[in-house]
Every structure is written in structure tokens, then in C-alpha cells.
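Have a look at query19.pdb below; it lists PDB, C-alpha atoms (C1' of nucleotides).
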```pdb
ATOM      1  CA  MET E   1     -11.749   0.165  -0.590  1.00  0.00           C
ATOM      2  CA  ILE E   2     -11.136  -0.511   3.049  1.00  0.00           C
ATOM      3  CA  THR E   3     -13.723  -2.842   4.545  1.00  0.00           C
ATOM      4  CA  PRO E   4     -14.558  -3.316   8.228  1.00  0.00           C
ATOM      5  CA  ALA E   5     -12.841  -6.702   8.036  1.00  0.00           C
ATOM      6  CA  ASP E   6      -9.725  -4.980   6.763  1.00  0.00           C
ATOM      7  CA  LYS E   7      -9.986  -2.558   9.650  1.00  0.00           C
ATOM      8  CA  LYS E   8      -9.743  -5.418  12.107  1.00  0.00           C
ATOM      9  CA  ILE E   9      -6.810  -6.912  10.313  1.00  0.00           C
ATOM     10  CA  LEU E  10      -4.950  -3.628  10.323  1.00  0.00           C
ATOM     11  CA  LYS E  11      -5.712  -3.084  13.953  1.00  0.00           C
ATOM     12  CA  ARG E  12      -4.386  -6.477  14.846  1.00  0.00           C
ATOM     13  CA  PHE E  13      -1.249  -5.846  12.838  1.00  0.00           C
ATOM     14  CA  GLY E  14      -0.816  -2.536  14.593  1.00  0.00           C
ATOM     15  CA  GLU E  15      -1.123  -4.084  18.018  1.00  0.00           C
ATOM     16  CA  ASN E  16       1.591  -6.514  17.167  1.00  0.00           C
ATOM     17  CA  LEU E  17       3.810  -3.809  15.773  1.00  0.00           C
ATOM     18  CA  ARG E  18       3.401  -1.827  18.934  1.00  0.00           C
ATOM     19  CA  LYS E  19       4.335  -4.840  21.002  1.00  0.00           C
ATOM     20  CA  LEU E  20       7.479  -5.383  18.945  1.00  0.00           C
ATOM     21  CA  ARG E  21       8.430  -1.751  19.346  1.00  0.00           C
ATOM     22  CA  LYS E  22       7.840  -1.774  23.073  1.00  0.00           C
ATOM     23  CA  ASP E  23       9.806  -4.978  23.432  1.00  0.00           C
ATOM     24  CA  LYS E  24      12.677  -3.206  21.771  1.00  0.00           C
ATOM     25  CA  GLY E  25      12.233  -0.311  24.155  1.00  0.00           C
ATOM     26  CA  LEU E  26      11.798   2.256  21.434  1.00  0.00           C
ATOM     27  CA  SER E  27       9.714   5.406  21.540  1.00  0.00           C
ATOM     28  CA  LEU E  28       7.817   6.434  18.421  1.00  0.00           C
ATOM     29  CA  ARG E  29      10.413   9.080  17.711  1.00  0.00           C
ATOM     30  CA  GLU E  30      13.325   6.735  18.223  1.00  0.00           C
ATOM     31  CA  MET E  31      11.781   4.276  15.871  1.00  0.00           C
ATOM     32  CA  SER E  32      11.110   7.072  13.452  1.00  0.00           C
ATOM     33  CA  TYR E  33      14.804   7.941  13.359  1.00  0.00           C
ATOM     34  CA  ALA E  34      15.681   4.306  12.856  1.00  0.00           C
ATOM     35  CA  CYS E  35      13.619   3.826   9.735  1.00  0.00           C
ATOM     36  CA  SER E  36      12.902   7.300   8.397  1.00  0.00           C
ATOM     37  CA  ILE E  37       9.179   7.065   8.819  1.00  0.00           C
ATOM     38  CA  ASP E  38       7.423   9.987  10.453  1.00  0.00           C
ATOM     39  CA  ASN E  39       6.540   9.233  14.062  1.00  0.00           C
ATOM     40  CA  SER E  40       2.939  10.270  13.620  1.00  0.00           C
ATOM     41  CA  LYS E  41       2.672   7.828  10.761  1.00  0.00           C
ATOM     42  CA  ILE E  42       3.972   4.997  12.903  1.00  0.00           C
ATOM     43  CA  ALA E  43       1.387   5.936  15.500  1.00  0.00           C
ATOM     44  CA  LYS E  44      -1.293   5.688  12.854  1.00  0.00           C
ATOM     45  CA  ILE E  45      -0.040   2.317  11.722  1.00  0.00           C
ATOM     46  CA  GLU E  46      -0.125   1.038  15.286  1.00  0.00           C
ATOM     47  CA  LYS E  47      -3.672   2.292  15.606  1.00  0.00           C
ATOM     48  CA  GLY E  48      -4.638   0.434  12.460  1.00  0.00           C
ATOM     49  CA  MET E  49      -5.467   3.646  10.678  1.00  0.00           C
ATOM     50  CA  ILE E  50      -3.507   2.924   7.520  1.00  0.00           C
ATOM     51  CA  ASN E  51      -2.970   0.037   5.184  1.00  0.00           C
ATOM     52  CA  ILE E  52       0.780   0.169   4.687  1.00  0.00           C
ATOM     53  CA  THR E  53       2.630  -0.943   1.604  1.00  0.00           C
ATOM     54  CA  LEU E  54       5.217  -3.673   1.342  1.00  0.00           C
ATOM     55  CA  THR E  55       8.131  -1.252   1.291  1.00  0.00           C
ATOM     56  CA  THR E  56       6.888   0.440   4.432  1.00  0.00           C
ATOM     57  CA  LEU E  57       6.625  -2.942   6.106  1.00  0.00           C
ATOM     58  CA  LEU E  58      10.228  -3.658   5.253  1.00  0.00           C
ATOM     59  CA  GLN E  59      11.319  -0.289   6.587  1.00  0.00           C
ATOM     60  CA  LEU E  60       9.628  -1.003   9.881  1.00  0.00           C
ATOM     61  CA  ALA E  61      11.479  -4.297  10.068  1.00  0.00           C
ATOM     62  CA  VAL E  62      14.737  -2.402   9.694  1.00  0.00           C
ATOM     63  CA  ALA E  63      13.954  -0.220  12.689  1.00  0.00           C
ATOM     64  CA  LEU E  64      13.058  -3.270  14.721  1.00  0.00           C
ATOM     65  CA  GLU E  65      16.137  -5.131  13.526  1.00  0.00           C
ATOM     66  CA  ALA E  66      13.855  -8.031  12.761  1.00  0.00           C
ATOM     67  CA  GLN E  67      13.077 -10.271   9.832  1.00  0.00           C
ATOM     68  CA  PRO E  68      10.200  -8.765   7.826  1.00  0.00           C
ATOM     69  CA  ALA E  69       8.289 -12.014   8.207  1.00  0.00           C
ATOM     70  CA  THR E  70       8.242 -11.680  11.967  1.00  0.00           C
ATOM     71  CA  LEU E  71       6.027  -8.621  11.678  1.00  0.00           C
ATOM     72  CA  LEU E  72       3.363 -10.974  10.381  1.00  0.00           C
ATOM     73  CA  GLU E  73       3.782 -13.713  12.913  1.00  0.00           C
ATOM     74  CA  TYR E  74       0.966 -13.277  15.401  1.00  0.00           C
ATOM     75  CA  GLU E  75      -2.447 -14.688  16.056  1.00  0.00           C
ATOM     76  CA  PRO E  76      -4.750 -13.171  13.463  1.00  0.00           C
ATOM     77  CA  ALA E  77      -7.818 -11.265  14.539  1.00  0.00           C
ATOM     78  CA  GLU E  78     -10.966 -13.340  14.374  1.00  0.00           C
ATOM     79  CA  LEU E  79     -13.455 -11.815  11.998  1.00  0.00           C
TER      80      LEU E  79
ATOM     81  CA  MET C   1       8.020   7.823  -3.951  1.00  0.00           C
ATOM     82  CA  ILE C   2       9.262   4.596  -5.386  1.00  0.00           C
ATOM     83  CA  THR C   3      13.068   4.444  -5.491  1.00  0.00           C
ATOM     84  CA  PRO C   4      15.232   2.156  -7.621  1.00  0.00           C
ATOM     85  CA  ALA C   5      16.075   0.246  -4.433  1.00  0.00           C
ATOM     86  CA  ASP C   6      12.379  -0.283  -3.836  1.00  0.00           C
ATOM     87  CA  LYS C   7      12.066  -1.529  -7.386  1.00  0.00           C
ATOM     88  CA  LYS C   8      14.545  -4.283  -6.673  1.00  0.00           C
ATOM     89  CA  ILE C   9      12.797  -5.230  -3.488  1.00  0.00           C
ATOM     90  CA  LEU C  10       9.446  -5.447  -5.228  1.00  0.00           C
ATOM     91  CA  LYS C  11      10.919  -7.480  -8.033  1.00  0.00           C
ATOM     92  CA  ARG C  12      12.428  -9.925  -5.614  1.00  0.00           C
ATOM     93  CA  PHE C  13       9.142 -10.214  -3.786  1.00  0.00           C
ATOM     94  CA  GLY C  14       7.385 -10.819  -7.080  1.00  0.00           C
ATOM     95  CA  GLU C  15       9.766 -13.576  -8.073  1.00  0.00           C
ATOM     96  CA  ASN C  16       9.089 -15.347  -4.837  1.00  0.00           C
ATOM     97  CA  LEU C  17       5.359 -14.920  -5.208  1.00  0.00           C
ATOM     98  CA  ARG C  18       5.512 -16.412  -8.648  1.00  0.00           C
ATOM     99  CA  LYS C  19       7.456 -19.358  -7.345  1.00  0.00           C
ATOM    100  CA  LEU C  20       4.883 -19.975  -4.625  1.00  0.00           C
ATOM    101  CA  ARG C  21       2.082 -19.814  -7.169  1.00  0.00           C
ATOM    102  CA  LYS C  22       3.823 -22.179  -9.548  1.00  0.00           C
ATOM    103  CA  ASP C  23       4.583 -24.589  -6.733  1.00  0.00           C
ATOM    104  CA  LYS C  24       0.884 -24.650  -6.014  1.00  0.00           C
ATOM    105  CA  GLY C  25       0.214 -25.281  -9.677  1.00  0.00           C
ATOM    106  CA  LEU C  26      -2.043 -22.278 -10.090  1.00  0.00           C
ATOM    107  CA  SER C  27      -2.511 -20.147 -13.178  1.00  0.00           C
ATOM    108  CA  LEU C  28      -2.903 -16.409 -12.773  1.00  0.00           C
ATOM    109  CA  ARG C  29      -6.614 -16.751 -13.335  1.00  0.00           C
ATOM    110  CA  GLU C  30      -7.024 -19.595 -10.903  1.00  0.00           C
ATOM    111  CA  MET C  31      -5.217 -17.632  -8.274  1.00  0.00           C
ATOM    112  CA  SER C  32      -7.344 -14.655  -9.147  1.00  0.00           C
ATOM    113  CA  TYR C  33     -10.505 -16.612  -8.399  1.00  0.00           C
ATOM    114  CA  ALA C  34      -9.012 -17.847  -5.160  1.00  0.00           C
ATOM    115  CA  CYS C  35      -8.372 -14.426  -3.710  1.00  0.00           C
ATOM    116  CA  SER C  36     -10.501 -12.008  -5.711  1.00  0.00           C
ATOM    117  CA  ILE C  37      -7.599 -10.081  -7.112  1.00  0.00           C
ATOM    118  CA  ASP C  38      -7.623  -9.317 -10.812  1.00  0.00           C
ATOM    119  CA  ASN C  39      -5.291 -11.643 -12.704  1.00  0.00           C
ATOM    120  CA  SER C  40      -3.556  -8.793 -14.488  1.00  0.00           C
ATOM    121  CA  LYS C  41      -2.857  -7.245 -11.128  1.00  0.00           C
ATOM    122  CA  ILE C  42      -1.256 -10.415  -9.862  1.00  0.00           C
ATOM    123  CA  ALA C  43       0.875 -10.431 -12.987  1.00  0.00           C
ATOM    124  CA  LYS C  44       1.983  -6.913 -12.208  1.00  0.00           C
ATOM    125  CA  ILE C  45       2.809  -7.832  -8.643  1.00  0.00           C
ATOM    126  CA  GLU C  46       4.911 -10.747  -9.840  1.00  0.00           C
ATOM    127  CA  LYS C  47       6.713  -8.412 -12.188  1.00  0.00           C
ATOM    128  CA  GLY C  48       7.450  -6.048  -9.334  1.00  0.00           C
ATOM    129  CA  MET C  49       5.394  -3.321 -10.909  1.00  0.00           C
ATOM    130  CA  ILE C  50       3.373  -2.452  -7.836  1.00  0.00           C
ATOM    131  CA  ASN C  51       3.977  -1.909  -4.170  1.00  0.00           C
ATOM    132  CA  ILE C  52       1.102  -3.819  -2.642  1.00  0.00           C
ATOM    133  CA  THR C  53      -0.588  -3.050   0.630  1.00  0.00           C
ATOM    134  CA  LEU C  54      -0.774  -5.256   3.678  1.00  0.00           C
ATOM    135  CA  THR C  55      -4.331  -6.349   2.988  1.00  0.00           C
ATOM    136  CA  THR C  56      -3.408  -7.379  -0.539  1.00  0.00           C
ATOM    137  CA  LEU C  57      -0.531  -9.395   0.845  1.00  0.00           C
ATOM    138  CA  LEU C  58      -2.894 -11.222   3.145  1.00  0.00           C
ATOM    139  CA  GLN C  59      -5.293 -11.905   0.307  1.00  0.00           C
ATOM    140  CA  LEU C  60      -2.509 -13.458  -1.705  1.00  0.00           C
ATOM    141  CA  ALA C  61      -1.686 -15.686   1.236  1.00  0.00           C
ATOM    142  CA  VAL C  62      -5.277 -16.896   1.242  1.00  0.00           C
ATOM    143  CA  ALA C  63      -5.035 -17.956  -2.382  1.00  0.00           C
ATOM    144  CA  LEU C  64      -1.807 -19.764  -1.685  1.00  0.00           C
ATOM    145  CA  GLU C  65      -3.202 -21.318   1.472  1.00  0.00           C
ATOM    146  CA  ALA C  66      -0.061 -20.185   3.218  1.00  0.00           C
ATOM    147  CA  GLN C  67       0.849 -18.207   6.276  1.00  0.00           C
ATOM    148  CA  PRO C  68       1.210 -14.536   5.341  1.00  0.00           C
ATOM    149  CA  ALA C  69       4.707 -14.538   6.813  1.00  0.00           C
ATOM    150  CA  THR C  70       5.847 -17.162   4.328  1.00  0.00           C
ATOM    151  CA  LEU C  71       5.382 -14.700   1.488  1.00  0.00           C
ATOM    152  CA  LEU C  72       8.255 -12.765   3.020  1.00  0.00           C
ATOM    153  CA  GLU C  73      10.562 -15.661   3.680  1.00  0.00           C
ATOM    154  CA  TYR C  74      13.118 -15.604   0.895  1.00  0.00           C
ATOM    155  CA  GLU C  75      16.611 -14.379   0.323  1.00  0.00           C
ATOM    156  CA  PRO C  76      16.370 -10.623  -0.072  1.00  0.00           C
ATOM    157  CA  ALA C  77      17.677  -8.938  -3.200  1.00  0.00           C
ATOM    158  CA  GLU C  78      21.117  -7.465  -2.752  1.00  0.00           C
ATOM    159  CA  LEU C  79      21.066  -3.740  -3.360  1.00  0.00           C
TER     160      LEU C  79
ATOM    161  C1'  DT W   1       6.807  23.010  39.683  1.00  0.00           C
ATOM    162  C1'  DT W   2       8.977  23.481  35.294  1.00  0.00           C
ATOM    163  C1'  DA W   3      10.984  21.182  31.382  1.00  0.00           C
ATOM    164  C1'  DT W   4      11.096  17.301  28.334  1.00  0.00           C
ATOM    165  C1'  DT W   5       9.516  13.395  26.191  1.00  0.00           C
ATOM    166  C1'  DT W   6       5.932  10.791  24.195  1.00  0.00           C
ATOM    167  C1'  DG W   7       1.784   9.460  21.906  1.00  0.00           C
ATOM    168  C1'  DC W   8      -0.975  10.866  19.028  1.00  0.00           C
ATOM    169  C1'  DG W   9      -4.515  13.401  15.707  1.00  0.00           C
ATOM    170  C1'  DG W  10      -5.157  16.796  12.045  1.00  0.00           C
ATOM    171  C1'  DC W  11      -4.054  18.749   7.634  1.00  0.00           C
ATOM    172  C1'  DC W  12      -1.962  19.336   3.201  1.00  0.00           C
ATOM    173  C1'  DT W  13      -0.027  17.641  -1.448  1.00  0.00           C
ATOM    174  C1'  DT W  14       1.470  14.296  -4.377  1.00  0.00           C
ATOM    175  C1'  DA W  15       2.256   9.715  -5.756  1.00  0.00           C
ATOM    176  C1'  DT W  16       0.329   5.540  -6.485  1.00  0.00           C
ATOM    177  C1'  DA W  17      -2.468   1.210  -5.146  1.00  0.00           C
ATOM    178  C1'  DA W  18      -6.885  -0.687  -6.004  1.00  0.00           C
ATOM    179  C1'  DG W  19     -10.260  -2.292  -8.930  1.00  0.00           C
ATOM    180  C1'  DA W  20     -12.108  -3.226 -13.230  1.00  0.00           C
ATOM    181  C1'  DC W  21     -11.952  -4.141 -17.968  1.00  0.00           C
ATOM    182  C1'  DC W  22      -9.944  -4.890 -22.746  1.00  0.00           C
ATOM    183  C1'  DC W  23      -7.272  -7.338 -25.760  1.00  0.00           C
ATOM    184  C1'  DC W  24      -3.455  -9.592 -27.744  1.00  0.00           C
ATOM    185  C1'  DA W  25       0.234 -12.962 -28.592  1.00  0.00           C
ATOM    186  C1'  DA W  26       2.105 -17.190 -27.386  1.00  0.00           C
ATOM    187  C1'  DA W  27       1.479 -21.618 -25.514  1.00  0.00           C
ATOM    188  C1'  DA W  28      -1.102 -25.533 -24.584  1.00  0.00           C
ATOM    189  C1'  DT W  29      -5.002 -28.535 -25.818  1.00  0.00           C
ATOM    190  C1'  DG W  30      -8.324 -30.839 -28.624  1.00  0.00           C
TER     191       DG W  30
ATOM    192  C1'  DC I   1      -5.623 -26.719 -37.916  1.00  0.00           C
ATOM    193  C1'  DA I   2      -9.007 -24.617 -34.529  1.00  0.00           C
ATOM    194  C1'  DT I   3      -9.765 -23.641 -29.841  1.00  0.00           C
ATOM    195  C1'  DT I   4      -9.076 -22.650 -25.265  1.00  0.00           C
ATOM    196  C1'  DT I   5      -5.923 -21.158 -21.735  1.00  0.00           C
ATOM    197  C1'  DT I   6      -2.409 -18.279 -20.049  1.00  0.00           C
ATOM    198  C1'  DG I   7       0.639 -14.423 -19.233  1.00  0.00           C
ATOM    199  C1'  DG I   8       0.615  -9.965 -19.163  1.00  0.00           C
ATOM    200  C1'  DG I   9       0.576  -4.903 -20.857  1.00  0.00           C
ATOM    201  C1'  DG I  10      -2.429  -0.681 -21.271  1.00  0.00           C
ATOM    202  C1'  DT I  11      -5.939   2.499 -19.572  1.00  0.00           C
ATOM    203  C1'  DC I  12      -9.328   4.850 -16.746  1.00  0.00           C
ATOM    204  C1'  DT I  13     -11.278   6.272 -12.065  1.00  0.00           C
ATOM    205  C1'  DT I  14     -11.271   6.487  -7.384  1.00  0.00           C
ATOM    206  C1'  DA I  15      -9.486   5.639  -2.963  1.00  0.00           C
ATOM    207  C1'  DT I  16      -5.818   6.163  -0.152  1.00  0.00           C
ATOM    208  C1'  DA I  17      -0.709   5.679   1.203  1.00  0.00           C
ATOM    209  C1'  DA I  18       3.287   8.474   1.568  1.00  0.00           C
ATOM    210  C1'  DG I  19       5.657  12.255   3.299  1.00  0.00           C
ATOM    211  C1'  DG I  20       5.990  16.044   6.041  1.00  0.00           C
ATOM    212  C1'  DC I  21       4.803  19.417   9.442  1.00  0.00           C
ATOM    213  C1'  DC I  22       2.069  21.370  13.522  1.00  0.00           C
ATOM    214  C1'  DG I  23       0.558  21.322  18.056  1.00  0.00           C
ATOM    215  C1'  DC I  24      -1.328  19.603  22.106  1.00  0.00           C
ATOM    216  C1'  DA I  25      -2.300  16.866  26.289  1.00  0.00           C
ATOM    217  C1'  DA I  26      -0.659  13.512  29.311  1.00  0.00           C
ATOM    218  C1'  DA I  27       3.098  11.166  31.229  1.00  0.00           C
ATOM    219  C1'  DT I  28       7.847  11.377  32.858  1.00  0.00           C
ATOM    220  C1'  DA I  29      11.977  13.453  34.338  1.00  0.00           C
ATOM    221  C1'  DA I  30      14.608  17.084  36.389  1.00  0.00           C
TER     222       DA I  30
END
```

File written out as C-alpha cells:
Amino acid sequence: MITPADKKILKRFGENLRKLRKDKGLSLREMSYACSIDNSKIAKIEKGMINITLTTLLQLAVALEAQPATLLEYEPAEL
Amino acid sequence: MITPADKKILKRFGENLRKLRKDKGLSLREMSYACSIDNSKIAKIEKGMINITLTTLLQLAVALEAQPATLLEYEPAEL
DNA sequence: TTATTTGCGGCCTTATAAGACCCCAAAATG
DNA sequence: CATTTTGGGGTCTTATAAGGCCGCAAATAA
């Protein structure tokens, strides 16, 4: 079950992901091509609408040409 | 769908998780109490049997008293 | 202004994670 | 030896991620 606390966490993760993508100068569709994840799904992830799995996380890292761990390096949301 | 390549990735992740738990001197049940994840589930994660979600990853980090990112800092499995 | 790109949200199906519990066999402990 | 403790596999239900496609409105480019 997805709690309100989880919602915040996912939102915060999404914000960071979006920042990383922007920093790389990628559009949703460009990123989609780079990691084979549907662009609308990436949009949902950035909006904190889904709780992605580990393999999806790693795929995103591929598109960003970043270490998977860096996708988790940000100031956590305060509950 | 969970590919054979994903299987390897999850296994590698699980090995690392197990190492982190052992280093902390926790049993499956102790870790279970520390993050409210069923011990048999943690066992499955360590065995690479499941593709956990982001929130589960963060919960595991809580039990290990580690930064979430550290759970992803290990030499990746070669495909 | 017209054409293109971009960011989404919705919808569907299928695969599977989550959550909870049971129980056993082996290992560690008393 | 008897008794925990520990690792871990199996099973069931329910929630939801994955995967894929559609279309639109706003921003951007031509």
C-alpha cells in the first residue's frame, strides 16, 4: 500500500530525477529512447505518481549516463 | 517482464544487501523488526528473487542505518 | 500563422511486488 | 540432548508497476 509518506518520498525522488534530466538537456522523449522506458511513464515517475522498481531505476541511470546511486543522492523530503 | 539480465542484476543487488546486513551483525528477523519488512521477504530480496520498489529500498536503508545510495554502491554484475 | 516538439494524463492488460503467515531444517545456544 | 534462533521456501490475496498506445494543450520553432 502506498502511504501519504511514500507519496512525498516519491515526489521528492521525481523532482530530483527531473533535475538530472534537465541538467543533461534531455526531453522526455529523448530520455525515453535512451533507456526504453515510455515517455509518459517517465513523466509519471517525475510527478511521483509511481513507485518504480530497482530495475527501472537502473534503466533511468543508463539514460542519464550516471551511477545508479546518484539518483538517490539528494536532500530527502521532510515528512 | 523480468529478463535473465534483470535476474543477474537483482542477484548482485541481493548479495550486496546481505553483506551490508551481515556487516551490521543483524539477523533477518532483527532487520525485519528494524524496517517492518517480513523476514522471508528480505531473504527473497537477498536471493535476488524479487525486484523491489523504491520505497522498499528506502526502508531497507533505514534498517541498515545507511544512506539509500549506499545500497547501490557496489561493483555491478557483468552481463 | 502553421508545424513541431514537449509534457503530460488516461486507459488497457499482464506481470509481479507487497504483505502476511506457515513451517521446516540446519545451526547455534543452553 | 533439548531449545531457541536463523535462513529461507511456499502460498494466498491484493495492490500496483510495467509496458504500450492515444491524444491533447501549451510551448517552441519555422

(message) Just the number, please: distance in Å from atom C1' of I:DT14 to atom CA of E:Lys47, one decimal.
(response) 24.6 Å

May I have chain C as a CSV table (one decimal) with C-alpha atoms, keeping the file's coordinate frame, after a least-squares superposition on chain E that uses all C-alpha atoms paired in order?
```csv
chain,number,residue,atom,x,y,z
C,1,MET,CA,-11.8,0.1,-0.6
C,2,ILE,CA,-11.1,-0.5,3.0
C,3,THR,CA,-13.7,-2.9,4.5
C,4,PRO,CA,-14.6,-3.3,8.2
C,5,ALA,CA,-12.8,-6.7,8.0
C,6,ASP,CA,-9.7,-5.0,6.8
C,7,LYS,CA,-10.0,-2.6,9.6
C,8,LYS,CA,-9.7,-5.4,12.1
C,9,ILE,CA,-6.8,-6.9,10.3
C,10,LEU,CA,-5.0,-3.6,10.3
C,11,LYS,CA,-5.7,-3.1,14.0
C,12,ARG,CA,-4.4,-6.5,14.8
C,13,PHE,CA,-1.3,-5.8,12.8
C,14,GLY,CA,-0.8,-2.5,14.6
C,15,GLU,CA,-1.1,-4.1,18.0
C,16,ASN,CA,1.6,-6.5,17.2
C,17,LEU,CA,3.8,-3.8,15.8
C,18,ARG,CA,3.4,-1.8,18.9
C,19,LYS,CA,4.3,-4.8,21.0
C,20,LEU,CA,7.5,-5.4,18.9
C,21,ARG,CA,8.4,-1.7,19.3
C,22,LYS,CA,7.8,-1.8,23.1
C,23,ASP,CA,9.8,-5.0,23.4
C,24,LYS,CA,12.7,-3.2,21.8
C,25,GLY,CA,12.2,-0.3,24.2
C,26,LEU,CA,11.8,2.3,21.4
C,27,SER,CA,9.7,5.4,21.5
C,28,LEU,CA,7.8,6.4,18.4
C,29,ARG,CA,10.4,9.1,17.7
C,30,GLU,CA,13.3,6.7,18.2
C,31,MET,CA,11.8,4.3,15.9
C,32,SER,CA,11.1,7.1,13.5
C,33,TYR,CA,14.8,7.9,13.3
C,34,ALA,CA,15.7,4.3,12.8
C,35,CYS,CA,13.6,3.8,9.7
C,36,SER,CA,12.9,7.3,8.4
C,37,ILE,CA,9.2,7.1,8.8
C,38,ASP,CA,7.4,10.0,10.4
C,39,ASN,CA,6.5,9.2,14.1
C,40,SER,CA,2.9,10.3,13.6
C,41,LYS,CA,2.7,7.8,10.8
C,42,ILE,CA,4.0,5.0,12.9
C,43,ALA,CA,1.4,5.9,15.5
C,44,LYS,CA,-1.3,5.7,12.9
C,45,ILE,CA,0.0,2.3,11.7
C,46,GLU,CA,-0.1,1.0,15.3
C,47,LYS,CA,-3.7,2.3,15.6
C,48,GLY,CA,-4.6,0.4,12.5
C,49,MET,CA,-5.5,3.6,10.7
C,50,ILE,CA,-3.5,2.9,7.5
C,51,ASN,CA,-3.0,0.0,5.2
C,52,ILE,CA,0.8,0.2,4.7
C,53,THR,CA,2.6,-0.9,1.6
C,54,LEU,CA,5.2,-3.7,1.4
C,55,THR,CA,8.1,-1.2,1.3
C,56,THR,CA,6.9,0.4,4.5
C,57,LEU,CA,6.6,-2.9,6.1
C,58,LEU,CA,10.2,-3.7,5.3
C,59,GLN,CA,11.3,-0.3,6.6
C,60,LEU,CA,9.6,-1.0,9.9
C,61,ALA,CA,11.5,-4.3,10.1
C,62,VAL,CA,14.7,-2.4,9.7
C,63,ALA,CA,13.9,-0.2,12.7
C,64,LEU,CA,13.1,-3.3,14.7
C,65,GLU,CA,16.1,-5.1,13.5
C,66,ALA,CA,13.8,-8.0,12.8
C,67,GLN,CA,13.1,-10.3,9.8
C,68,PRO,CA,10.2,-8.8,7.8
C,69,ALA,CA,8.3,-12.0,8.2
C,70,THR,CA,8.2,-11.7,12.0
C,71,LEU,CA,6.0,-8.6,11.7
C,72,LEU,CA,3.4,-11.0,10.4
C,73,GLU,CA,3.8,-13.7,12.9
C,74,TYR,CA,1.0,-13.3,15.4
C,75,GLU,CA,-2.4,-14.7,16.1
C,76,PRO,CA,-4.7,-13.2,13.5
C,77,ALA,CA,-7.8,-11.2,14.5
C,78,GLU,CA,-11.0,-13.3,14.4
C,79,LEU,CA,-13.5,-11.7,12.0
```

(message) Could you list, as a PyMOL selection string, every residue within 12 Å of C:Leu60, counting all atoms listed in the file and ignoring same-chain residues fewer than 3 positions away?
(response) chain C and resi 14+17-18+20-21+28+30-39+41-42+45-46+52-57+63-72

(message) Starting from the PyMOL selection byres ((chain I and resi 16-23) around 9), expand the selection into actual residues of this file and give them as a count of residues only.
(response) 17

(message) One decimal, in Å: what's the spacing between atom CA of C:Phe13 and atom CA of C:Met49?
(response)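 According to the coordinates, atom CA of C:Phe13 and atom CA of C:Met49 are separated by 10.6 Å.
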
(request) Check what the PyMOL selection byres ((chain I) within 8 of (chain C)) selects in the file above and give those residues as a PyMOL selection string. (result) chain I and resi 6-8+18

(message) Just want the 9 Å neighbourhood of C:Ile9, counted on all atoms listed in the file, with same-chain residues fewer than 4 positions away dropped. Output as a PyMOL selection string.
(response) (chain E and resi 55) or (chain C and resi 4-5+13-14+48+76-79)

(message) Between atom C1' of I:DT3 and atom CA of C:Lys24, what distance in Å does the model show, to one decimal?
(response) 26.1 Å

(request) Kindly indicate which residue among W:DT13, W:DT1, W:DT6, W:DT29 lies nearest to I:DT28, using all atoms listed in the file for the distances. (result)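 Of all the options, W:DT6 lies closest to I:DT28.
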
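Matched in the shown structure by the PyMOL selection byres ((chain W and resi 27) around 9): DA26 and DA28 of chain W; DT5 and DT6 of chain I.
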
(message) Which residue is closest to chain C? Choose from W:DT2, W:DG7, W:DC12, W:DA18 and count only C-alpha atoms (C1' of nucleotides).
(response)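 Nearest to chain C: W:DA18.
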
(request) Using only C-alpha atoms, pick whichever of E:Arg12, E:Glu75, E:Lys19, E:Asp6 has the shortest atom-to-atom distance to chain C. (result)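 Ranking E:Arg12, E:Glu75, E:Lys19, E:Asp6 by distance to chain C, first place goes to E:Asp6.
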
Around all the atoms of stretch 15-25 of chain I listed in the file, with 4 Å of room on each side, what axis-aligned box do you get, giving centre and edge lengths in Å to one decimal, as lines of an AutoDock Vina configuration file?
```
center_x = -1.7
center_y = 13.5
center_z = 11.7
size_x = 23.5
size_y = 23.7
size_z = 37.3
```
